[in-house]
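Peer 1: I have a structure I would like to understand better, so I am pasting it below and will then ask my questions one at a time.
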Amino acid sequence: MPVRTEDGDGVQIITIDRPERRNAVDGPMAEELRDAFAAFENEPGARAAVLTGAGGTFCAGNDLKAIAAGDFPIPTAEGPPPMQVTRGPATKPIVAAIEGYCFGGGFELALWADLRIASTTAEFGLLNLGNGLPCLDGATVRLPRIVGHGRAMELILTGRRLSAADAFTYGLVTQVVDPGNALPTALTLAAQIAATPPEALQAARRSALDQWSLHESAATAHEAEIALT
């Protein structure tokens with residue numbers, strides 16, 4: 001299966017497994033990704049997820065051959081995005097474990113996660129723009145919020161590839177580890193998240209995500225409302 005799911009102690013591992021295409025995602029694979037995360041959301045015992053890629057690559061983005069062959073549905077503003085899952089946040093924390101290529105739609109998947117762990121082999125970039133493909137999975141919204149407007153505009157307008165070291169400097173990733181260690185490090189972090197009392201954690205996470213669209217006074221009132229519900 002191009003998308004594999006493994007259950008751990010409160011943590012679910014979701015692996016993009018199509019190494020012969022650098023884990024590039026086609027239409028059917030995007031639907032499998034959607035179904036995997038829907039199952040994660042509906043599994044009471046799963047409190048956090050780790051998203052990773054097989055074969056030393058996270059995800060090279062959308063499969064250009066599949067796009068040319070019409071294997072992706074024509075995108076619309078109302079319909080799901082190409083990666084299916086990125087239009088809104090997940091209801092539970094997600095950690096991305098990144099080795100190798102993290103480009104285009106794959107980069108947008110990583111931005112959708114709450115936290116990102118990268119090995120020194122990781123490279124990031126919106127290379128889809130160089131191929132004339134727009135961002136449809138949230139990069140132009142999430143990237144400025146994570147790294148700041150100026151650095152986000154640099155990456156968007158130049159399409160340059162960002163090293164793991166620069167990604168750490170930018171605040172895009174929280175840790176840089178040796179090759180092969182992104183997944184075990186992400187699993188340790190996810191296990192720590194899963195061990196935290198869920199009600200307080202989920203309330204704090206929800207408030208942090210919601211506050212972007214609210215005035216400060218409304219955001220602090222929203223924080224209290226969620227925390228005390």
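Identifiers for the structure tokens are assigned positionally: chains receive A, B, ... in sequence, residues are indexed from 1 per chain, and ligands are indexed from 1 in the order shown.
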Excluding same-chain residues fewer than 6 positions from A:Thr185, what lies within 8 Å of it counting only C-alpha atoms, as a list in words?

Peer 2: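 Everything that qualifies: Ala97, Ile117 and Val177 of chain A.
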
Peer 1: Pick out the residues sitting within 8 Å of A:Leu155, and hand them over as JSON, numbers by chain; count only C-alpha atoms, and ignore anything fewer than 5 positions along from it in its own chain.

Peer 2: {"A": [125, 126, 160, 161]}

Peer 1: With C-alpha atoms kept, could you save the residues just selected as a compact mmCIF listing (two decimals), in the first residue's frame?

Peer 2:
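Result saved to out-v1.txt:
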# COMPACT_ATOMS: atom_id res chain seq x y z
CA GLY A 125 11.14 24.03 -1.23
CA LEU A 126 8.09 25.04 -3.23
CA ARG A 160 14.95 28.08 -3.63
CA ARG A 161 15.76 24.84 -1.86

Peer 1: Go ahead and compute the interatomic distance for atom CA of A:Arg151 and atom CA of A:Ala118, in Å to one decimal.

Peer 2: 18.7 Å

Peer 1: Could you produce a table of the residues of stretch 77-100 of chain A lying within 7 Å of stretch 31-48 of chain A, with the nearest pair of atoms per residue and their separation in Å rounded to one decimal, using only C-alpha atoms, ordered by chain and increasing residue number, as a Markdown table?

Peer 2:
| residue | atom | partner | partner_atom | distance |
| --- | --- | --- | --- | --- |
| A:Gln84 | CA | A:Arg34 | CA | 5.7 |
| A:Val85 | CA | A:Arg34 | CA | 5.6 |
| A:Thr91 | CA | A:Glu41 | CA | 6.8 |
| A:Lys92 | CA | A:Ala48 | CA | 5.9 |
| A:Pro93 | CA | A:Ala48 | CA | 5.0 |
| A:Ile94 | CA | A:Ala48 | CA | 5.8 |

Peer 1: If you run DSSP on the backbone, which residues of stretch 46-169 of chain A are strand (DSSP E), as a ChimeraX atom specification?

Peer 2: /A:48-53,94-98,101-103,115-119,123-125,162-163

Peer 1: What does the distance between atom CA of A:Gly88 and atom CA of A:Leu209 come to in Å, to one decimal place?

Peer 2: 10.4 Å

Peer 1: With only C-alpha atoms as the basis for distance, which of A:Leu162, A:Val25, A:Ala110, A:Ala96 is at the shortest distance from A:Phe72?

Peer 2: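 The closest residue to A:Phe72 is A:Val25.
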
Peer 1: Between atom CA of A:Thr120 and atom CA of A:Gly100, what is the spacing in Å?

Peer 2: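 Those two atoms sit 8.2 Å apart.
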
Peer 1: Would you please work out which residue, of A:Gly148, A:Gly8, A:Gly56, A:Pro81, is nearest to A:Asn181 when using only C-alpha atoms?

Peer 2: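 Between A:Gly148, A:Gly8, A:Gly56, A:Pro81, the residue approaching A:Asn181 most closely is A:Gly56.
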
Peer 1: Using only C-alpha atoms for the distances, tell me which of A:Ala203, A:Val147, A:Leu214, A:Ala182 is nearest to A:Thr229.

Peer 2: A:Ala203

Peer 1: Name the residues in contact with A:Ala204 at a cut-off of 10 Å, using only C-alpha atoms, excluding same-chain residues fewer than 6 positions from it; report them as a VMD selection string.

Peer 2: chain A and resid 198 210 223 to 224 226 to 227
